[in-house]
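Visitor: My structure file upload.cif, mmCIF, C-alpha atoms, is below:
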```cif
data_coords
loop_
_atom_site.label_atom_id
_atom_site.label_comp_id
_atom_site.auth_asym_id
_atom_site.auth_seq_id
_atom_site.Cartn_x
_atom_site.Cartn_y
_atom_site.Cartn_z
CA MET A 34 -21.52 -7.46 12.53
CA PRO A 35 -17.87 -6.42 13.02
CA PRO A 36 -15.23 -9.13 12.74
CA ASP A 37 -14.30 -10.94 15.95
CA PRO A 38 -11.28 -9.39 17.66
CA ASN A 39 -8.09 -11.38 17.64
CA SER A 40 -7.72 -12.80 21.13
CA PHE A 41 -4.17 -11.64 21.69
CA ALA A 42 -4.92 -8.11 20.53
CA ALA A 43 -7.45 -7.80 23.35
CA MET A 44 -4.66 -8.00 25.94
CA THR A 45 -3.41 -4.60 27.04
CA ARG A 46 0.28 -3.77 27.29
CA ARG A 47 -0.09 -3.23 31.03
CA GLN A 48 -1.48 -6.75 31.38
CA TRP A 49 1.39 -8.00 29.25
CA PHE A 50 3.99 -6.47 31.55
CA LYS A 51 2.15 -7.68 34.68
CA GLY A 52 2.30 -11.24 33.42
CA GLY A 53 6.00 -11.06 32.67
CA GLY A 54 5.24 -10.86 28.98
CA ALA A 55 8.13 -8.58 28.12
CA MET A 56 10.66 -11.23 29.11
CA ALA A 57 8.61 -13.97 27.46
CA GLY A 58 8.38 -11.96 24.27
CA ALA A 59 12.14 -11.49 24.15
CA MET A 60 12.71 -15.21 24.71
CA LEU A 61 10.13 -16.27 22.11
CA TRP A 62 11.25 -13.84 19.39
CA PRO A 63 13.68 -16.21 17.56
CA GLN A 64 11.08 -19.00 17.50
CA LEU A 65 8.43 -16.58 16.27
CA LEU A 66 10.68 -15.37 13.47
CA ARG A 67 11.31 -18.94 12.33
CA ALA A 68 7.57 -19.73 12.42
CA GLN A 69 6.74 -16.60 10.43
CA GLN A 70 9.33 -17.40 7.78
CA ALA A 71 7.98 -20.94 7.45
CA ALA A 72 4.44 -19.57 7.00
CA VAL A 73 5.27 -17.05 4.30
CA ILE A 74 7.44 -19.44 2.28
CA GLY A 75 4.37 -21.49 1.35
CA ALA A 76 2.03 -18.54 0.80
CA PRO A 77 0.61 -17.90 -2.69
CA ALA A 78 1.60 -14.22 -2.85
CA LYS A 79 5.27 -13.24 -2.82
CA GLN A 80 4.98 -9.49 -3.38
CA VAL A 81 2.37 -6.75 -3.02
CA ILE A 82 1.79 -3.56 -4.99
CA VAL A 83 -0.67 -1.17 -3.35
CA ILE A 84 -1.88 1.71 -5.51
CA TYR A 85 -3.17 4.39 -3.15
CA LEU A 86 -5.75 6.89 -4.46
CA GLN A 87 -5.12 9.61 -1.94
CA GLY A 88 -8.15 11.80 -1.29
CA GLY A 89 -10.84 9.19 -1.96
CA LEU A 90 -12.02 7.77 -5.30
CA SER A 91 -15.65 8.38 -6.25
CA HIS A 92 -17.26 4.99 -6.87
CA TYR A 93 -20.03 6.71 -8.86
CA GLU A 94 -17.57 7.88 -11.51
CA SER A 95 -15.48 4.71 -11.57
CA PHE A 96 -16.43 1.15 -10.56
CA ASP A 97 -20.02 1.47 -9.34
CA PRO A 98 -22.01 3.83 -11.59
CA LYS A 99 -25.64 4.43 -10.66
CA PRO A 100 -27.58 5.16 -13.88
CA ASP A 101 -30.92 4.65 -12.11
CA ALA A 102 -30.19 6.96 -9.18
CA SER A 103 -31.90 10.31 -8.83
CA SER A 104 -30.38 13.21 -10.75
CA ALA A 105 -29.02 14.73 -7.53
CA TYR A 106 -26.83 11.62 -7.12
CA ARG A 107 -26.29 10.18 -10.59
CA GLY A 108 -23.74 12.53 -12.14
CA ASP A 109 -22.82 13.22 -15.76
CA PHE A 110 -21.06 10.04 -16.88
CA GLY A 111 -22.43 7.19 -18.87
CA HIS A 112 -21.66 3.55 -18.14
CA ILE A 113 -20.20 0.78 -20.25
CA ARG A 114 -20.22 -3.02 -20.25
CA THR A 115 -17.27 -4.91 -18.86
CA SER A 116 -15.89 -8.36 -19.61
CA LEU A 117 -18.12 -9.68 -16.79
CA PRO A 118 -21.80 -10.24 -17.69
CA GLY A 119 -24.10 -7.66 -16.15
CA VAL A 120 -21.27 -5.57 -14.64
CA HIS A 121 -20.82 -1.97 -15.76
CA PHE A 122 -18.10 0.63 -15.11
CA SER A 123 -17.88 4.32 -15.82
CA GLU A 124 -17.48 5.15 -19.49
CA HIS A 125 -14.06 6.64 -18.68
CA LEU A 126 -12.56 3.30 -17.61
CA PRO A 127 -12.69 1.46 -20.95
CA LEU A 128 -9.40 -0.42 -20.54
CA LEU A 129 -10.16 -1.74 -17.07
CA ALA A 130 -13.68 -2.60 -18.21
CA LYS A 131 -12.19 -4.95 -20.81
CA ARG A 132 -10.09 -6.57 -18.08
CA ALA A 133 -12.69 -6.87 -15.32
CA HIS A 134 -12.28 -10.66 -15.42
CA LYS A 135 -8.63 -10.25 -14.35
CA PHE A 136 -9.36 -8.65 -10.97
CA ASN A 137 -11.84 -8.65 -8.12
CA LEU A 138 -14.03 -5.70 -7.23
CA ILE A 139 -15.42 -5.04 -3.78
CA ARG A 140 -18.33 -2.60 -4.03
CA SER A 141 -19.32 -2.52 -0.37
CA ALA A 142 -16.17 -1.54 1.54
CA TYR A 143 -16.42 0.98 4.37
CA VAL A 144 -14.40 2.71 7.08
CA ASN A 145 -15.62 4.52 10.18
CA SER A 146 -14.57 8.14 9.63
CA PRO A 147 -14.90 10.84 6.95
CA SER A 148 -11.67 12.48 8.16
CA HIS A 149 -8.70 12.14 5.79
CA PRO A 150 -6.11 11.50 8.53
CA VAL A 151 -8.27 9.07 10.50
CA ALA A 152 -9.30 7.09 7.41
CA ILE A 153 -5.78 7.08 5.95
CA HIS A 154 -4.45 5.70 9.22
CA GLN A 155 -7.11 2.99 9.24
CA THR A 156 -6.62 1.92 5.63
CA LEU A 157 -2.81 1.82 5.91
CA THR A 158 -2.50 0.26 9.38
CA GLY A 159 -5.82 -1.43 10.21
CA TRP A 160 -6.07 0.50 13.48
CA ASP A 161 -8.08 3.50 14.62
CA LEU A 162 -6.36 6.74 15.59
CA PRO A 163 -9.33 8.94 16.59
CA ASP A 164 -7.27 12.10 17.05
CA ALA A 165 -5.28 11.70 13.86
CA SER A 166 -4.58 15.10 12.35
CA VAL A 167 -2.10 17.09 10.32
CA GLU A 168 -1.34 19.32 13.29
CA GLY A 169 -1.14 16.69 16.04
CA LYS A 170 -1.00 12.92 15.63
CA ASN A 171 0.45 12.84 12.14
CA ARG A 172 2.61 9.72 12.48
CA ASN A 173 1.66 6.14 13.28
CA LEU A 174 3.83 5.72 16.35
CA THR A 175 1.75 2.97 17.99
CA HIS A 176 0.92 0.66 15.07
CA PRO A 177 3.04 -0.10 12.00
CA SER A 178 1.64 0.21 8.51
CA ILE A 179 0.83 -2.87 6.47
CA GLY A 180 3.92 -2.17 4.36
CA ALA A 181 6.15 -2.20 7.41
CA VAL A 182 4.62 -5.41 8.76
CA ILE A 183 5.14 -7.15 5.43
CA ALA A 184 8.68 -5.76 5.22
CA GLU A 185 9.44 -7.25 8.64
CA SER A 186 7.83 -10.57 7.71
CA LEU A 187 9.32 -11.01 4.23
CA LYS A 188 12.61 -9.10 4.25
CA PHE A 189 14.59 -12.37 4.47
CA ARG A 190 13.50 -13.15 0.90
CA ALA A 191 15.46 -10.34 -0.75
CA PRO A 192 18.29 -9.35 1.60
CA LEU A 193 20.00 -7.16 -1.01
CA LEU A 194 16.86 -5.13 -1.74
CA PRO A 195 14.84 -2.69 0.34
CA PRO A 196 11.89 -4.68 1.73
CA TYR A 197 9.50 -1.72 1.39
CA VAL A 198 9.51 1.07 -1.18
CA ALA A 199 7.18 4.06 -1.45
CA VAL A 200 6.72 5.54 -4.93
CA PRO A 201 7.26 8.44 -4.90
CA HIS A 202 7.09 9.15 -1.15
CA SER A 203 5.80 7.72 2.11
CA GLY A 204 3.81 10.76 3.21
CA GLN A 205 0.13 11.40 2.59
CA LEU A 206 -1.77 14.67 2.14
CA GLY A 207 1.31 16.18 0.59
CA ARG A 208 3.68 14.72 3.18
CA ARG A 209 1.67 16.25 6.02
CA VAL A 210 0.78 12.90 7.60
CA HIS A 211 2.94 9.77 7.58
CA TYR A 212 0.83 6.73 8.31
CA ALA A 213 2.64 4.46 5.86
CA SER A 214 5.65 4.31 8.16
CA ALA A 215 7.04 1.61 10.46
CA GLY A 216 6.04 2.97 13.86
CA PRO A 217 7.20 0.58 16.62
CA LEU A 218 8.90 -1.78 14.16
CA GLY A 219 11.74 0.71 13.79
CA ALA A 220 13.92 2.17 11.08
CA SER A 221 14.72 -1.11 9.33
CA CYS A 222 11.07 -1.37 8.21
CA GLU A 223 10.66 2.23 7.06
CA PRO A 224 9.89 2.61 3.34
CA MET A 225 12.65 3.69 1.02
CA ASP A 226 11.57 6.78 -0.89
CA SER A 227 11.96 6.10 -4.60
CA GLY A 228 12.16 9.74 -5.59
CA ILE A 229 9.81 11.11 -8.22
CA PRO A 230 9.98 9.27 -11.56
CA PRO A 231 9.85 11.28 -14.79
CA GLU A 232 6.57 12.04 -16.52
CA ARG A 233 7.73 10.86 -19.95
CA ALA A 234 8.68 7.36 -20.98
CA HIS A 235 11.89 8.45 -22.70
CA GLU A 236 13.25 10.36 -19.72
CA ALA A 237 15.97 8.85 -17.54
CA PHE A 238 15.51 7.82 -13.92
CA SER A 239 18.20 6.01 -11.96
CA GLY A 240 16.45 5.69 -8.61
CA PRO A 241 16.73 7.13 -5.13
CA PRO A 242 19.71 9.42 -4.42
CA ASP A 243 20.38 7.29 -1.32
CA LEU A 244 21.47 4.41 -3.57
CA ASN A 245 24.34 6.47 -4.94
CA LEU A 246 27.55 7.04 -3.01
CA PRO A 247 28.05 10.73 -2.19
CA GLY A 248 30.76 12.60 -4.04
CA LYS A 249 33.95 10.61 -4.54
CA LEU A 250 33.28 8.20 -1.68
CA SER A 251 34.25 4.66 -2.74
CA LEU A 252 32.94 1.36 -1.45
CA GLU A 253 36.36 0.69 0.06
CA ARG A 254 36.18 3.94 2.00
CA MET A 255 32.63 3.06 3.11
CA HIS A 256 33.88 -0.28 4.49
CA GLU A 257 36.69 1.53 6.29
CA ARG A 258 34.17 3.80 7.98
CA LEU A 259 32.08 0.83 9.07
CA SER A 260 35.18 -0.83 10.52
CA LEU A 261 35.97 2.35 12.39
CA LEU A 262 32.54 2.34 13.97
CA LYS A 263 32.97 -1.27 15.07
CA ALA A 264 36.32 -0.36 16.63
CA MET A 265 34.73 2.15 18.99
CA ASP A 266 34.31 -0.46 21.77
CA GLY A 267 34.29 0.93 25.24
CA SER A 268 33.65 4.51 24.21
CA ARG A 269 30.70 6.44 25.51
CA TYR A 270 29.14 6.08 22.05
CA MET A 271 29.08 2.28 22.14
CA ARG A 272 25.32 2.03 22.62
CA GLU A 273 24.64 4.31 19.67
CA VAL A 274 27.09 2.39 17.50
CA GLU A 275 25.46 -0.94 18.36
CA GLY A 276 22.11 0.51 17.33
CA LEU A 277 23.38 1.98 14.09
CA SER A 278 25.74 -0.72 12.86
CA PRO A 279 23.06 -3.02 11.38
CA PHE A 280 21.78 -0.12 9.29
CA TYR A 281 25.27 0.78 8.12
CA ARG A 282 25.85 -2.84 7.21
CA ASP A 283 22.57 -3.06 5.31
CA ALA A 284 23.36 0.19 3.51
CA VAL A 285 26.76 -1.05 2.44
CA GLU A 286 25.25 -4.31 1.18
CA LEU A 287 22.61 -2.43 -0.82
CA LEU A 288 25.24 -0.16 -2.36
CA SER A 289 27.79 -2.87 -3.09
CA SER A 290 25.45 -5.50 -4.56
CA GLY A 291 23.97 -3.29 -7.26
CA ALA A 292 20.71 -5.26 -7.23
CA ALA A 293 18.67 -2.36 -5.88
CA SER A 294 20.16 0.10 -8.35
CA VAL A 295 19.25 -2.20 -11.24
CA ALA A 296 15.68 -2.61 -9.97
CA PHE A 297 15.19 1.16 -9.76
CA ASP A 298 16.85 1.89 -13.11
CA LEU A 299 13.99 2.65 -15.51
CA ASN A 300 16.55 3.23 -18.26
CA ARG A 301 16.87 -0.56 -18.51
CA GLU A 302 13.18 -0.87 -19.36
CA PRO A 303 12.40 -0.98 -23.10
CA LEU A 304 10.93 2.30 -24.31
CA LYS A 305 7.86 0.58 -25.78
CA GLN A 306 7.16 -1.02 -22.44
CA ARG A 307 7.37 2.31 -20.62
CA GLU A 308 5.12 3.89 -23.24
CA ARG A 309 2.64 1.06 -22.75
CA TYR A 310 2.05 2.27 -19.18
CA GLY A 311 1.59 5.85 -20.36
CA ASN A 312 3.54 9.04 -20.91
CA HIS A 313 2.56 10.44 -17.55
CA LEU A 314 3.75 10.29 -13.95
CA TRP A 315 1.43 7.49 -12.85
CA GLY A 316 2.42 5.32 -15.80
CA GLN A 317 6.11 5.65 -14.98
CA GLN A 318 5.46 5.10 -11.27
CA THR A 319 3.60 1.92 -12.09
CA VAL A 320 6.21 0.42 -14.40
CA LEU A 321 8.76 1.18 -11.67
CA ALA A 322 6.57 -0.68 -9.17
CA ARG A 323 6.49 -3.67 -11.51
CA ARG A 324 10.29 -3.64 -11.80
CA LEU A 325 10.65 -3.53 -8.01
CA SER A 326 8.17 -6.35 -7.52
CA GLU A 327 9.82 -8.44 -10.24
CA ALA A 328 13.20 -7.96 -8.53
CA GLY A 329 11.71 -9.25 -5.26
CA VAL A 330 10.78 -6.17 -3.22
CA PRO A 331 8.05 -7.53 -0.91
CA PHE A 332 5.92 -4.36 -0.61
CA THR A 333 5.62 -1.37 -2.93
CA LEU A 334 3.28 1.52 -2.13
CA VAL A 335 2.43 3.63 -5.19
CA ASN A 336 0.91 7.01 -4.41
CA TYR A 337 -1.17 8.20 -7.36
CA THR A 338 -0.59 11.85 -6.54
CA LEU A 339 0.00 14.56 -9.13
CA ASN A 340 0.42 17.51 -6.78
CA GLN A 341 3.23 16.44 -4.44
CA ASP A 342 2.68 19.40 -2.10
CA HIS A 343 -1.09 19.07 -1.76
CA GLY A 344 -1.38 15.33 -2.21
CA GLN A 345 -5.15 15.00 -2.45
CA ASP A 346 -5.86 14.78 -6.15
CA TRP A 347 -8.79 12.38 -5.67
CA ASP A 348 -10.41 14.73 -3.13
CA THR A 349 -12.79 16.16 -5.73
CA HIS A 350 -14.89 18.64 -3.75
CA VAL A 351 -14.89 20.98 -6.76
CA ASP A 352 -15.34 20.20 -10.47
CA ASN A 353 -15.43 16.46 -9.85
CA PHE A 354 -16.61 15.45 -13.31
CA ASN A 355 -14.10 17.38 -15.39
CA LEU A 356 -11.24 16.32 -13.12
CA MET A 357 -12.23 12.67 -13.28
CA LYS A 358 -12.81 12.71 -17.04
CA ASP A 359 -9.77 14.73 -18.11
CA VAL A 360 -7.13 14.36 -15.39
CA LEU A 361 -7.60 11.38 -13.07
CA LEU A 362 -9.32 8.42 -14.70
CA PRO A 363 -7.49 8.13 -18.04
CA PRO A 364 -3.94 7.75 -16.64
CA MET A 365 -5.14 5.43 -13.87
CA ASP A 366 -7.07 3.31 -16.38
CA ARG A 367 -4.08 2.94 -18.67
CA ALA A 368 -1.40 2.38 -16.02
CA VAL A 369 -3.31 -0.22 -14.00
CA SER A 370 -4.47 -2.07 -17.12
CA ALA A 371 -0.89 -2.23 -18.39
CA LEU A 372 0.28 -3.50 -14.99
CA LEU A 373 -2.22 -6.36 -14.95
CA ASP A 374 -1.39 -7.34 -18.53
CA ASP A 375 2.35 -7.08 -17.98
CA LEU A 376 2.34 -9.15 -14.80
CA GLU A 377 0.17 -11.79 -16.45
CA GLU A 378 2.42 -12.00 -19.52
CA ARG A 379 5.47 -12.43 -17.29
CA GLY A 380 3.78 -15.17 -15.29
CA GLN A 381 3.91 -13.01 -12.16
CA LEU A 382 0.29 -12.04 -11.56
CA SER A 383 -0.45 -15.21 -9.62
CA SER A 384 2.33 -14.39 -7.14
CA THR A 385 1.92 -10.59 -7.08
CA LEU A 386 -1.06 -9.15 -5.26
CA VAL A 387 -2.22 -5.81 -6.66
CA ALA A 388 -4.57 -3.69 -4.54
CA MET A 389 -6.04 -0.30 -5.41
CA PHE A 390 -8.00 1.86 -2.97
CA GLY A 391 -8.22 5.24 -1.28
CA GLU A 392 -9.18 6.15 2.24
CA PHE A 393 -12.93 6.42 1.53
CA GLY A 394 -15.45 7.31 -1.17
CA ARG A 395 -17.41 10.41 -2.17
CA THR A 396 -20.84 11.67 -1.16
CA PRO A 397 -23.95 10.52 -3.00
CA LYS A 398 -25.23 14.07 -3.40
CA ILE A 399 -23.43 16.40 -5.78
CA ASN A 400 -22.56 19.65 -4.03
CA ALA A 401 -22.99 23.24 -5.25
CA ASN A 402 -19.46 23.22 -6.72
CA ALA A 403 -20.17 20.23 -9.00
CA GLY A 404 -18.12 18.09 -6.62
CA ARG A 405 -18.55 15.29 -4.15
CA ASP A 406 -17.46 15.43 -0.51
CA HIS A 407 -16.05 12.81 1.89
CA TRP A 408 -18.07 9.62 2.30
CA GLU A 409 -16.85 6.76 4.47
CA LYS A 410 -19.99 4.62 4.41
CA VAL A 411 -19.32 2.80 1.12
CA PHE A 412 -16.65 2.74 -1.61
CA SER A 413 -14.99 0.38 -4.09
CA VAL A 414 -11.72 -1.57 -3.78
CA VAL A 415 -9.79 -3.51 -6.44
CA LEU A 416 -7.83 -6.69 -5.57
CA ALA A 417 -6.02 -8.75 -8.20
CA GLY A 418 -3.56 -11.63 -8.46
CA GLY A 419 -1.61 -12.97 -5.51
CA GLY A 420 -3.35 -16.34 -5.60
CA LEU A 421 -6.84 -14.89 -5.26
CA LYS A 422 -9.78 -15.75 -7.44
CA SER A 423 -10.45 -13.34 -10.31
CA GLY A 424 -13.56 -11.80 -11.79
CA VAL A 425 -15.45 -11.71 -8.48
CA VAL A 426 -17.68 -8.71 -7.82
CA LEU A 427 -18.33 -8.81 -4.11
CA GLY A 428 -21.04 -6.83 -2.38
CA SER A 429 -23.14 -4.01 -3.70
CA SER A 430 -24.27 -0.56 -2.77
CA THR A 431 -27.84 0.67 -2.67
CA ARG A 432 -29.70 2.07 -5.66
CA ASP A 433 -28.45 5.57 -4.86
CA GLY A 434 -24.97 4.32 -3.92
CA ASP A 435 -25.08 5.78 -0.43
CA LEU A 436 -24.75 2.63 1.71
CA PRO A 437 -23.65 -1.00 1.43
CA ASP A 438 -26.53 -3.21 0.35
CA GLU A 439 -25.39 -6.82 -0.03
CA ARG A 440 -22.35 -8.12 1.84
CA PRO A 441 -20.85 -5.07 3.64
CA VAL A 442 -17.06 -5.42 3.92
CA PRO A 443 -15.22 -3.64 6.75
CA PHE A 444 -11.88 -2.40 5.47
CA ASN A 445 -9.86 -4.49 7.90
CA ASP A 446 -11.12 -7.59 6.08
CA ILE A 447 -9.33 -6.30 2.97
CA LEU A 448 -6.09 -5.88 4.91
CA ALA A 449 -6.59 -9.30 6.48
CA THR A 450 -6.97 -10.79 2.99
CA ILE A 451 -3.69 -9.25 1.86
CA TYR A 452 -1.91 -10.55 4.94
CA HIS A 453 -3.46 -14.00 4.47
CA GLN A 454 -2.21 -14.30 0.89
CA LEU A 455 1.31 -13.47 2.07
CA GLY A 456 1.20 -15.99 4.89
CA VAL A 457 1.16 -13.39 7.67
CA PRO A 458 -1.54 -14.37 10.20
CA THR A 459 -3.46 -11.38 11.49
CA ASP A 460 -2.89 -12.49 15.07
CA THR A 461 0.86 -12.43 14.55
CA VAL A 462 2.47 -10.39 17.31
CA PHE A 463 5.62 -8.32 16.91
CA TYR A 464 7.57 -7.04 19.89
CA ASP A 465 9.17 -3.62 20.15
CA LYS A 466 12.52 -3.04 21.84
CA LEU A 467 10.85 -2.99 25.26
CA GLY A 468 9.24 -6.36 24.63
CA ARG A 469 5.75 -4.91 24.26
CA PRO A 470 3.37 -6.82 21.98
CA ASN A 471 2.12 -5.34 18.70
CA PRO A 472 -0.59 -7.50 17.10
CA VAL A 473 -0.87 -7.11 13.33
CA LEU A 474 -4.64 -6.49 13.48
CA ALA A 475 -7.16 -6.28 16.31
CA VAL A 476 -10.05 -7.21 14.01
CA GLY A 477 -10.40 -8.47 10.47
CA LYS A 478 -10.82 -11.77 8.64
CA PRO A 479 -9.76 -12.85 5.15
CA ILE A 480 -12.63 -12.56 2.67
CA PRO A 481 -13.65 -16.17 1.94
CA GLU A 482 -15.35 -15.36 -1.38
CA LEU A 483 -11.96 -14.32 -2.82
CA LEU A 484 -9.88 -17.24 -1.58
CA LEU A 485 -9.09 -20.27 -3.74
#
```
Would you write the structure of this file as structure tokens?

Guide:
Amino acid sequence: MPPDPNSFAAMTRRQWFKGGGAMAGAMLWPQLLRAQQAAVIGAPAKQVIVIYLQGGLSHYESFDPKPDASSAYRGDFGHIRTSLPGVHFSEHLPLLAKRAHKFNLIRSAYVNSPSHPVAIHQTLTGWDLPDASVEGKNRNLTHPSIGAVIAESLKFRAPLLPPYVAVPHSGQLGRRVHYASAGPLGASCEPMDSGIPPERAHEAFSGPPDLNLPGKLSLERMHERLSLLKAMDGSRYMREVEGLSPFYRDAVELLSSGAASVAFDLNREPLKQRERYGNHLWGQQTVLARRLSEAGVPFTLVNYTLNQDHGQDWDTHVDNFNLMKDVLLPPMDRAVSALLDDLEERGQLSSTLVAMFGEFGRTPKINANAGRDHWEKVFSVVLAGGGLKSGVVLGSSTRDGDLPDERPVPFNDILATIYHQLGVPTDTVFYDKLGRPNPVLAVGKPIPELLL
């Protein structure tokens, strides 16, 4: 059974306008902001790191091996014991297998489309976009991403930091679709692009170019320019200036405080610590995500993408087993294991929610190119920290791994769980500049088996 729809989300925007809702929304906005801030202050999770496996991780070759499946489904990999009794992972995830007690594993997640754009939109926003495509609807204009919602809800916590960072970029499928963006929440909730970190632990990285003043421009000169904009009262550009001035002010604060520059500066991280995450791109992305979270950035999206132009490394239609064994699983295993250990050692895992997922899974049957194709009906999701229980393996797939067996979990329940841990109710409604309501989720409930 699908989750019950949130009652407010069932109201259409036309109905909202008919009932005078636009005016009511504008009048209620300050009270709603205060209520939201009060809710998130007492929430167990303070920050979120989402590791996105763009293209779709095969559960067969990772967290849900099927040694008893038929040969057409089973694949080449062996399976190994984990730190949880009776739970086995792929043989190529030895580090995460030793740490299975530190995170939760959902083995019965599903979405409703095998299309990359449609499923990416669903997993990053919680809403359907049936015509999502690279050529047409390639931006989430109607519904904000989870990162943008959390940025809007928690940005008061770290006013001198960007509330939402994408590492290394906010696009998917090689920047061809952009469903991680803010949509109706506007530019203040768009992710800051971190830039691409180095692939080696000893290489320097000072952060996004946008955090550096261009040329010889000084902070004093920047303040003079802002004052000039404010002085343009009465001109025909006044409306544009009023819209831009908050962003100029925020930019000046980011540049002048130095807090953001320090958070992005991997050169301040001890070399041994950077090496611990791995001498590869994903390792350096992940240690950067930990630095940002530790500094107080509410939401960090980490795209585990090697080919920045193509962007679908986990889309293993061809040569699945060699790619997983030699290219994809080892760096992911090391980087995520190091992240969990590092957060725990710093006393931050309980307040930092780590989620890892892609847009769907891979087909049960191995194709003629030794690959697996798109499969939306069942896949695995990792959730750790953030005040959740740990060591829970929720749900299962069938013997052949083709469908959920016990406890199917619609993906919106995973998003609802993340929101819940941050104190953002899923029936929270944001209003765009026209006063139109934007519910966080139409459907989805926190997963009770994971809540303390």

Visitor: Work out where the centre of an axis-aligned box around every listed atom of segment 313-317 of chain A lies and how long its edges are once 5 Å is added on each side; give both in Å to one decimal as lines of an AutoDock Vina configuration file.

Guide:
```
center_x = 3.8
center_y = 7.9
center_z = -15.2
size_x = 14.7
size_y = 15.1
size_z = 14.7
```

Visitor: Listing only residues of segment 380-428 of chain A within 12 Å of segment 124-133 of chain A, what is the closest atom pair and its distance in Å (to one decimal) for each, using all atoms listed in the file, sorted by chain and residue number ascending, as a tab-separated table?

Guide:
```
residue	atom	partner	partner_atom	distance
A:Val415	CA	A:Ala133	CA	9.9
A:Leu416	CA	A:Ala133	CA	10.9
A:Ala417	CA	A:Ala133	CA	9.9
A:Ser423	CA	A:Ala133	CA	8.5
A:Gly424	CA	A:Ala133	CA	6.1
A:Val425	CA	A:Ala133	CA	8.8
A:Val426	CA	A:Ala133	CA	9.2
```

Visitor: Looking at all atoms listed in the file, which of A:Gln80, A:Thr385, A:Ser91, A:Thr115 is the one that sits closest to Leu356 of chain A?

Guide: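 Among the listed residues, A:Ser91 lies closest to Leu356 of chain A.
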
Visitor: My list of candidates is A:Gly108, A:Gly380, A:Pro443, A:Gly428. Which is closest to Asp352 of chain A when distances are computed with all atoms listed in the file?

Guide: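 Looking only at the distances to Asp352 of chain A, the closest residue turns out to be A:Gly108.
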
Visitor: Of the candidates A:Leu467, A:Val473, A:Leu86, A:Ala76, which one gets nearest to Leu448 of chain A if we count only C-alpha atoms?

Guide: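 Using only C-alpha atoms, the shortest distance to Leu448 of chain A belongs to A:Val473.
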
Visitor: Considering all atoms listed in the file, return as a ChimeraX atom specification whatever protein or nucleic-acid residues lie within 6 Å of segment 333-339 of chain A, sequence-local ones (same chain, fewer than 6 positions apart) excluded.

Guide: /A:82-86,197-200

Visitor: On this structure, which residues satisfy the PyMOL selection byres ((chain A and resi 173) around 7), written as JSON, numbers by chain?

Guide: {"A": [171, 172, 174, 175, 176, 177, 211, 212, 214, 216]}

Visitor: Take the residues from that selection and write them out as a PDB file, in the coordinates of the input, keeping C-alpha atoms.

Guide:
```pdb
ATOM      1  CA  ASN A 171       0.450  12.840  12.140  1.00  0.00           C
ATOM      2  CA  ARG A 172       2.610   9.720  12.480  1.00  0.00           C
ATOM      3  CA  LEU A 174       3.830   5.720  16.350  1.00  0.00           C
ATOM      4  CA  THR A 175       1.750   2.970  17.990  1.00  0.00           C
ATOM      5  CA  HIS A 176       0.920   0.660  15.070  1.00  0.00           C
ATOM      6  CA  PRO A 177       3.040  -0.100  12.000  1.00  0.00           C
ATOM      7  CA  HIS A 211       2.940   9.770   7.580  1.00  0.00           C
ATOM      8  CA  TYR A 212       0.830   6.730   8.310  1.00  0.00           C
ATOM      9  CA  SER A 214       5.650   4.310   8.160  1.00  0.00           C
ATOM     10  CA  GLY A 216       6.040   2.970  13.860  1.00  0.00           C
TER      11      GLY A 216
END
```

Visitor: With the file shown as input, list the residues that the PyMOL selection byres ((chain A and resi 100) around 12) selects, as a PyMOL selection string.

Guide: chain A and resi 93-94+97-99+101-113+121-124+432-434

Visitor: Pull the neighbourhood of (-7.2, -11.2, 7.7) for me: all residues within 12 Å in file coordinates, counting all atoms listed in the file, as a ChimeraX atom specification.

Guide: /A:36-39,159,179,443-461,473-481,483-484

Visitor: Would you mind telling me which residue in A:Ala184, A:Lys79, A:Gln381, A:Leu206 lies nearest to Gly219 of chain A when using all atoms listed in the file?

Guide: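 Answer, going by the shortest atom-to-atom distance: A:Ala184.
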
Visitor: Any chance you could resolve the PyMOL selection byres ((chain A and resi 148) around 10) against this file and give the residues as a list of chain:residue names?

Guide: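 That expression, the PyMOL selection byres ((chain A and resi 148) around 10), corresponds here to A:Asn145, A:Ser146, A:Pro147, A:His149, A:Pro150, A:Val151, A:Ala152, A:Ile153, A:His154, A:Pro163, A:Asp164, A:Ala165, A:Ser166, A:Glu392, A:Phe393, A:His407, A:Trp408, A:Glu409.
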
Visitor: What's the separation between atom CA of Ser294 of chain A and atom CA of Ser186 of chain A, in Å to one decimal place?

Guide: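 Atom CA of Ser294 of chain A sits 22.9 Å away from atom CA of Ser186 of chain A.
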
Visitor: I need the residue nearest Leu304 of chain A from this list: A:Ala237, A:Leu372, A:Ala215, A:Ala78. Use all atoms listed in the file for the distance.

Guide: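 Once distances to Leu304 of chain A are computed over all atoms listed in the file, the minimum belongs to A:Ala237.
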
Visitor: Work out how far apart atom CA of Gln155 of chain A and atom CA of Glu327 of chain A are and give it in Å to one decimal.

Guide: 28.2 Å

Visitor: Pull the neighbourhood of (-1.9, 18.9, 2.3) for me: all residues within 12 Å in file coordinates, counting all atoms listed in the file, as a PyMOL selection string.

Guide: chain A and resi 87-88+149-150+166-168+171+204-211+338+340-346+348

Visitor: Could you jot down the atom CA of Lys398 of chain A to atom CA of Phe354 of chain A separation for me, Å, one decimal place?

Guide: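 Separation of atom CA of Lys398 of chain A and atom CA of Phe354 of chain A: 13.2 Å.
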
Visitor: Would you mind telling me which residue in A:Ala296, A:Met389, A:Val73, A:Leu382 lies nearest to Leu157 of chain A when using only C-alpha atoms?

Guide: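 Result for the nearest residue to Leu157 of chain A: A:Met389.
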